[in-house]
file work-v4.cif (mmCIF, C-alpha atoms and all ligand atoms)
data_final
loop_
_atom_site.label_atom_id
_atom_site.label_comp_id
_atom_site.auth_asym_id
_atom_site.auth_seq_id
_atom_site.Cartn_x
_atom_site.Cartn_y
_atom_site.Cartn_z
CA MET D 106 5.12 -1.49 26.94
CA SER D 107 4.67 -4.67 28.98
CA ASN D 108 7.67 -6.60 30.26
CA SER D 109 5.75 -9.85 29.98
CA ALA D 110 6.15 -12.23 27.05
CA ILE D 111 3.21 -14.40 28.05
CA VAL D 112 0.33 -13.70 30.41
CA CYS D 113 -2.21 -16.40 31.37
CA GLN D 114 -5.16 -15.51 33.55
CA ASN D 115 -7.42 -18.16 35.10
CA VAL D 116 -6.94 -20.51 32.15
CA THR D 117 -8.96 -23.71 32.22
CA LYS D 118 -8.61 -26.34 29.51
CA GLN D 119 -10.69 -29.54 29.34
CA TYR D 120 -10.24 -32.55 27.08
CA GLY D 121 -13.71 -34.09 27.46
CA ALA D 122 -14.03 -34.93 31.14
CA LYS D 123 -10.28 -34.52 31.74
CA ARG D 124 -9.20 -31.13 33.09
CA ALA D 125 -5.67 -30.47 31.80
CA LEU D 126 -5.31 -26.89 33.09
CA SER D 127 -7.25 -25.54 36.01
CA GLU D 128 -7.57 -21.77 36.61
CA LEU D 129 -3.90 -21.40 35.68
CA THR D 130 -2.51 -17.91 36.22
CA LEU D 131 1.04 -17.16 35.13
CA GLU D 132 3.15 -14.25 33.89
CA ILE D 133 6.39 -15.01 32.04
CA PRO D 134 8.79 -12.07 31.74
CA LYS D 135 10.49 -11.26 28.44
CA GLY D 136 14.09 -12.30 27.73
CA ARG D 137 14.30 -15.25 30.12
CA VAL D 138 15.12 -18.93 29.62
CA VAL D 139 12.24 -20.58 31.45
CA GLY D 140 12.02 -24.17 32.66
CA ILE D 141 8.41 -25.39 32.50
CA LEU D 142 8.59 -28.30 34.91
CA GLY D 143 6.26 -30.89 36.36
CA PRO D 144 5.40 -34.59 36.31
CA ASN D 145 3.71 -36.42 33.41
CA GLY D 146 0.25 -35.03 32.76
CA SER D 147 0.76 -31.80 34.73
CA GLY D 148 -0.21 -29.70 31.69
CA LYS D 149 3.08 -28.54 30.14
CA SER D 150 2.30 -29.52 26.52
CA THR D 151 -1.25 -28.24 26.87
CA LEU D 152 0.09 -24.86 27.99
CA PHE D 153 2.35 -24.76 24.90
CA ARG D 154 -0.52 -25.72 22.60
CA LEU D 155 -2.61 -22.89 24.03
CA ILE D 156 0.21 -20.35 23.63
CA THR D 157 0.67 -21.38 19.99
CA GLY D 158 -3.08 -21.28 19.35
CA LEU D 159 -3.24 -24.99 18.44
CA THR D 160 -6.03 -25.41 20.96
CA ARG D 161 -8.33 -23.03 22.83
CA ALA D 162 -9.12 -22.65 26.51
CA GLU D 163 -12.68 -22.98 27.80
CA HIS D 164 -12.13 -20.20 30.33
CA GLY D 165 -9.61 -17.49 31.01
CA SER D 166 -7.31 -15.51 28.76
CA ILE D 167 -3.86 -15.86 27.21
CA HIS D 168 -1.80 -13.04 25.76
CA VAL D 169 1.42 -13.56 23.79
CA LEU D 170 3.44 -10.36 23.40
CA GLY D 171 0.24 -8.47 24.18
CA ARG D 172 -1.93 -10.30 21.59
CA LEU D 173 -4.30 -13.23 21.61
CA PRO D 174 -2.64 -16.42 20.22
CA GLY D 175 -3.12 -16.87 16.46
CA TRP D 176 -1.32 -16.74 13.13
CA ARG D 177 0.14 -13.28 13.85
CA THR D 178 1.70 -14.32 17.16
CA ASN D 179 2.90 -17.58 15.56
CA CYS D 180 5.22 -15.60 13.26
CA ASP D 181 6.95 -14.60 16.51
CA ILE D 182 7.18 -18.15 17.90
CA ALA D 183 9.49 -21.04 17.00
CA TYR D 184 7.81 -24.14 18.42
CA LEU D 185 9.30 -27.60 18.77
CA PRO D 186 6.43 -29.95 19.64
CA ASP D 187 6.83 -33.10 21.68
CA ARG D 188 7.89 -36.10 19.49
CA ALA D 189 8.54 -33.94 16.40
CA ARG D 190 9.90 -35.66 13.23
CA TRP D 191 11.27 -34.34 9.94
CA TYR D 192 10.68 -35.44 6.28
CA ALA D 193 12.56 -38.74 5.98
CA ASN D 194 13.96 -38.00 2.51
CA HIS D 195 15.41 -34.58 3.40
CA THR D 196 19.11 -34.22 4.17
CA VAL D 197 20.11 -31.66 6.82
CA GLU D 198 21.09 -29.33 4.01
CA ARG D 199 17.71 -29.69 2.31
CA ALA D 200 15.91 -29.19 5.62
CA PHE D 201 17.82 -25.92 6.04
CA SER D 202 16.87 -24.82 2.50
CA TRP D 203 13.23 -25.64 3.24
CA ALA D 204 13.43 -23.70 6.51
CA GLU D 205 15.00 -20.70 4.75
CA GLN D 206 11.98 -20.57 2.45
CA PHE D 207 9.18 -21.26 4.91
CA LEU D 208 10.18 -20.48 8.50
CA PRO D 209 10.12 -16.77 9.41
CA GLY D 210 13.47 -15.56 10.77
CA PHE D 211 15.44 -18.74 9.91
CA ASP D 212 19.14 -17.97 9.56
CA ARG D 213 21.07 -20.56 7.57
CA ALA D 214 24.54 -19.47 8.74
CA THR D 215 23.45 -19.87 12.38
CA ALA D 216 21.94 -23.28 11.59
CA GLU D 217 25.15 -24.47 9.92
CA ARG D 218 27.24 -23.26 12.86
CA LEU D 219 24.93 -25.08 15.31
CA ALA D 220 25.05 -28.24 13.17
CA GLU D 221 28.84 -28.22 13.32
CA GLN D 222 28.80 -27.56 17.06
CA MET D 223 26.27 -30.37 17.68
CA HIS D 224 28.11 -32.79 15.34
CA LEU D 225 25.37 -33.08 12.73
CA GLU D 226 26.59 -33.64 9.17
CA LEU D 227 24.89 -31.66 6.40
CA ASP D 228 24.56 -34.62 3.99
CA MET D 229 22.74 -36.91 6.45
CA ARG D 230 19.15 -37.90 5.57
CA ALA D 231 16.54 -37.54 8.34
CA GLY D 232 15.25 -41.04 7.50
CA GLY D 233 18.64 -42.58 8.35
CA MET D 234 19.20 -40.63 11.56
CA SER D 235 19.28 -41.94 15.09
CA ARG D 236 16.70 -40.45 17.47
CA GLY D 237 19.36 -38.16 18.99
CA GLN D 238 20.51 -36.92 15.58
CA GLU D 239 16.96 -36.17 14.47
CA ALA D 240 16.30 -34.41 17.79
CA ARG D 241 19.33 -32.20 17.13
CA LEU D 242 18.05 -31.39 13.63
CA MET D 243 14.60 -30.46 14.99
CA LEU D 244 16.15 -28.31 17.69
CA ILE D 245 18.41 -26.46 15.25
CA LEU D 246 15.48 -25.76 12.90
CA CYS D 247 13.84 -24.04 15.87
CA ILE D 248 16.65 -22.18 17.59
CA ALA D 249 18.28 -20.89 14.39
CA ARG D 250 15.27 -18.61 13.96
CA ASP D 251 15.46 -14.98 14.93
CA VAL D 252 12.07 -14.76 16.67
CA PRO D 253 11.18 -13.32 20.09
CA ILE D 254 9.77 -16.56 21.56
CA ILE D 255 11.12 -20.11 21.35
CA ILE D 256 9.16 -23.05 22.80
CA LEU D 257 10.86 -26.42 23.15
CA ASP D 258 8.67 -29.27 24.37
CA GLU D 259 10.88 -32.06 25.74
CA PRO D 260 13.84 -31.41 23.42
CA PHE D 261 16.03 -34.00 25.19
CA ALA D 262 13.56 -36.89 25.47
CA GLY D 263 15.01 -40.26 24.50
CA ILE D 264 18.49 -38.84 23.85
CA ASP D 265 21.57 -40.45 25.40
CA ALA D 266 23.55 -38.61 28.08
CA ILE D 267 26.50 -37.70 25.83
CA SER D 268 24.26 -36.25 23.11
CA ARG D 269 22.20 -34.47 25.77
CA GLU D 270 25.30 -32.79 27.17
CA ARG D 271 26.31 -31.75 23.65
CA ILE D 272 22.83 -30.30 22.95
CA ILE D 273 22.63 -28.49 26.29
CA ALA D 274 26.13 -27.02 25.86
CA GLY D 275 25.10 -25.83 22.36
CA LEU D 276 21.90 -24.32 23.76
CA ILE D 277 23.63 -22.51 26.62
CA ASP D 278 26.18 -21.09 24.20
CA HIS D 279 23.50 -20.03 21.72
CA MET D 280 20.97 -18.62 24.23
CA SER D 281 23.28 -16.74 26.56
CA GLY D 282 22.86 -13.00 26.62
CA GLY D 283 20.01 -13.01 24.08
CA ASP D 284 16.78 -11.06 24.46
CA ARG D 285 14.54 -13.93 23.41
CA THR D 286 12.10 -15.65 25.70
CA VAL D 287 12.72 -19.39 25.68
CA LEU D 288 10.32 -21.90 27.24
CA ILE D 289 11.68 -25.42 27.74
CA SER D 290 9.82 -28.37 29.23
CA THR D 291 11.97 -31.26 30.33
CA HIS D 292 12.19 -34.15 32.75
CA GLU D 293 16.03 -34.02 32.49
CA ILE D 294 16.09 -31.28 35.07
CA TYR D 295 19.42 -32.17 36.69
CA GLU D 296 21.33 -31.70 33.42
CA ALA D 297 19.22 -28.84 32.10
CA GLU D 298 19.27 -26.82 35.32
CA ALA D 299 22.12 -24.57 34.12
CA LEU D 300 19.96 -23.43 31.20
CA PHE D 301 17.21 -21.84 33.27
CA ASP D 302 17.09 -18.38 34.72
CA TYR D 303 13.36 -18.64 35.49
CA ALA D 304 11.34 -21.69 36.54
CA VAL D 305 7.67 -22.63 36.60
CA PHE D 306 6.54 -25.76 38.44
CA LEU D 307 3.16 -27.18 37.38
CA ASP D 308 1.05 -29.85 38.99
CA GLU D 309 -2.41 -31.04 37.94
CA GLY D 310 -2.85 -28.05 35.65
CA ARG D 311 -1.93 -25.41 38.24
CA VAL D 312 1.16 -23.38 39.04
CA LEU D 313 2.73 -24.65 42.26
CA LEU D 314 5.67 -22.26 42.23
CA ALA D 315 7.20 -19.79 39.73
CA GLY D 316 9.98 -17.26 39.82
CA ASP D 317 13.49 -16.12 39.09
CA ALA D 318 15.79 -19.16 39.27
CA GLU D 319 18.47 -17.38 41.32
CA GLN D 320 15.90 -16.25 43.88
CA LEU D 321 14.36 -19.72 44.03
CA ARG D 322 17.83 -21.26 44.47
CA SER D 323 18.74 -18.89 47.28
CA GLN D 324 15.41 -19.54 48.98
CA TYR D 325 14.96 -23.29 48.44
CA GLY D 326 18.17 -24.76 46.93
CA ALA D 327 18.90 -26.16 43.44
CA ILE D 328 16.00 -26.35 40.98
CA HIS D 329 16.21 -30.16 40.81
CA SER D 330 15.98 -30.40 44.61
CA ILE D 331 12.98 -28.02 44.64
CA GLN D 332 11.33 -30.38 42.19
CA GLN D 333 12.02 -33.36 44.46
CA LYS D 334 10.53 -31.53 47.46
CA LEU D 335 7.46 -30.24 45.60
CA TYR D 336 6.37 -33.55 44.09
CA ARG D 337 7.25 -35.89 46.93
N1 LIG C 1 -5.73 -34.66 23.18
C1 LIG C 1 -6.00 -35.04 24.44
N2 LIG C 1 -7.14 -35.72 24.72
C2 LIG C 1 -7.44 -36.09 25.97
N3 LIG C 1 -6.68 -35.83 27.06
C3 LIG C 1 -5.53 -35.15 26.83
C4 LIG C 1 -5.13 -34.73 25.53
N4 LIG C 1 -3.95 -34.07 25.61
C5 LIG C 1 -3.62 -34.09 26.93
N5 LIG C 1 -4.56 -34.73 27.65
C6 LIG C 1 -4.56 -34.94 29.11
O1 LIG C 1 -4.33 -33.67 29.72
C7 LIG C 1 -3.43 -33.79 30.81
C8 LIG C 1 -2.23 -32.88 30.58
O2 LIG C 1 -1.49 -33.41 29.47
P1 LIG C 1 -0.18 -32.70 28.93
O3 LIG C 1 0.25 -33.47 27.72
O4 LIG C 1 -0.41 -31.26 28.79
O5 LIG C 1 0.83 -32.97 30.14
P2 LIG C 1 2.43 -32.85 30.18
O6 LIG C 1 2.75 -32.17 31.46
O7 LIG C 1 2.94 -32.25 28.92
O8 LIG C 1 2.83 -34.38 30.27
P3 LIG C 1 4.22 -35.14 29.83
O9 LIG C 1 5.26 -34.72 30.81
O10 LIG C 1 3.84 -36.58 29.95
O11 LIG C 1 4.51 -34.72 28.41
C9 LIG C 1 -3.07 -35.28 30.90
O12 LIG C 1 -3.88 -35.89 31.87
C10 LIG C 1 -3.41 -35.82 29.53
O13 LIG C 1 -3.78 -37.17 29.59
#
call {"tool": "encode", "arguments": {"input": "work-v4.cif", "output": "structure tokens"}}
result
Amino acid sequence: MSNSAIVCQNVTKQYGAKRALSELTLEIPKGRVVGILGPNGSGKSTLFRLITGLTRAEHGSIHVLGRLPGWRTNCDIAYLPDRARWYANHTVERAFSWAEQFLPGFDRATAERLAEQMHLELDMRAGGMSRGQEARLMLILCIARDVPIIILDEPFAGIDAISRERIIAGLIDHMSGGDRTVLISTHEIYEAEALFDYAVFLDEGRVLLAGDAEQLRSQYGAIHSIQQKLYR
């Protein structure tokens, strides 16, 4: 059985004349927390949309747990898209009930524990939440699922530093020692660095550098300083 969670071979994705991914080849091992890093427009969200089957590549192949992306592989993926929102009239409690019914692998007890840890009250309505509170709700709905792959697209965007620290601490606590593969794209690399044990640096739809975070650190220094050097 393969040790790879996701395998991309020579993947090219065009949006009209714009090439978002260009002959991208990448192998992500199972059971790692992976930082998908790169400047605006480097192709991070496009890669996630291809993995979740929301869009198709013009060339190349993608395999998720050995299968082509589609509804079967999506039962194995919890995906938090960029700029995700929840139903305004749902309280946290109602969102958890909804998730229990409709999201494969959602565990309510885990969600309630995470909500307490991330200071999110169960009777709050999504419509009355601050951006940071809603971001925490969206994140919990994703990570409280017992699925082999979790994809978080910019989970910390627009969230203040205190809330970010709280979310990252909750994530580290929740993810540590698990056997899930977690892909996280973020520009908050300095704060999120401790989360990653594997890193992929993209630029203009290609992989510039990828590998085990410890090996990269011993070779080049901290992940955030690698980023500074690569995109200078
Ligand atoms: N639906 C679309 N139609 C046209 N062009 C698109 C579309 N989605 C993405 N692109 C383009 O593809 C390229 C890659 O975009 P993508 O959103 O994947 O980058 P990203 O690395 O996630 O960026 P960011 O860090 O800003 O979220 C960009 O140049 C973007 O403008």
call {"tool": "residues_near_ligand", "arguments": {"input": "work-v4.cif", "ligand": "ligand LIG 1 (chain C)", "cutoff": "9 Å", "atoms": "all atoms listed in the file", "output": "ChimeraX atom specification"}}
result
/D:118-126,141-154,187,258-259,290-292,307-310
call {"tool": "residues_around", "arguments": {"input": "work-v4.cif", "residues": "Ser268 of chain D", "least_positions_apart": "4", "cutoff": "7 Å", "atoms": "all atoms listed in the file", "output": "ChimeraX atom specification"}}
result
/D:237,264,272
call {"tool": "atom_distance", "arguments": {"input": "work-v4.cif", "atom1": "atom CA of Arg285 of chain D", "atom2": "atom CA of Gly136 of chain D"}}
result
4.6 Å
call {"tool": "atom_distance", "arguments": {"input": "work-v4.cif", "atom1": "atom CA of Tyr303 of chain D", "atom2": "atom CA of Glu319 of chain D"}}
result
7.9 Å
call {"tool": "atom_distance", "arguments": {"input": "work-v4.cif", "atom1": "atom CA of Thr117 of chain D", "atom2": "atom CA of Ile255 of chain D"}}
result
23.1 Å
call {"tool": "closest_residue", "arguments": {"input": "work-v4.cif", "among": "D:Arg322, D:His279, D:Arg137, D:Arg337", "to": "Arg218 of chain D", "atoms": "only C-alpha atoms"}}
result
D:His279
call {"tool": "residues_around", "arguments": {"input": "work-v4.cif", "residues": "Glu221 of chain D", "least_positions_apart": "2", "cutoff": "12 Å", "atoms": "only C-alpha atoms", "output": "ChimeraX atom specification"}}
result
/D:197,214-219,223-227,241-242,245,271-272,275
call {"tool": "closest_residue", "arguments": {"input": "work-v4.cif", "among": "D:Leu321, D:Met229, D:Ile267, D:Val116", "to": "Leu129 of chain D", "atoms": "all atoms listed in the file"}}
result
D:Val116
call {"tool": "residues_around", "arguments": {"input": "work-v4.cif", "residues": "Trp191 of chain D", "least_positions_apart": "3", "cutoff": "9 Å", "atoms": "all atoms listed in the file", "output": "mmCIF file with C-alpha atoms, in the frame of the given file"}}
result
data_model
loop_
_atom_site.group_PDB
_atom_site.id
_atom_site.type_symbol
_atom_site.label_atom_id
_atom_site.label_comp_id
_atom_site.auth_asym_id
_atom_site.auth_seq_id
_atom_site.Cartn_x
_atom_site.Cartn_y
_atom_site.Cartn_z
ATOM 1 C CA ASN D 194 13.960 -38.000 2.510
ATOM 2 C CA HIS D 195 15.410 -34.580 3.400
ATOM 3 C CA ALA D 200 15.910 -29.190 5.620
ATOM 4 C CA ALA D 231 16.540 -37.540 8.340
ATOM 5 C CA GLY D 232 15.250 -41.040 7.500
ATOM 6 C CA GLU D 239 16.960 -36.170 14.470
ATOM 7 C CA LEU D 242 18.050 -31.390 13.630
ATOM 8 C CA MET D 243 14.600 -30.460 14.990
#
call {"tool": "closest_residue", "arguments": {"input": "work-v4.cif", "among": "D:Leu244, D:Glu296, D:Thr160, D:Ile167", "to": "Ala183 of chain D", "atoms": "all atoms listed in the file"}}
result
D:Leu244
call {"tool": "residues_near_point", "arguments": {"input": "work-v4.cif", "point": "(15.2, -21.0, 31.1)", "cutoff": "10 Å", "atoms": "only C-alpha atoms", "output": "ChimeraX atom specification"}}
result
/D:136-141,277,280,286-290,297-305,317-318
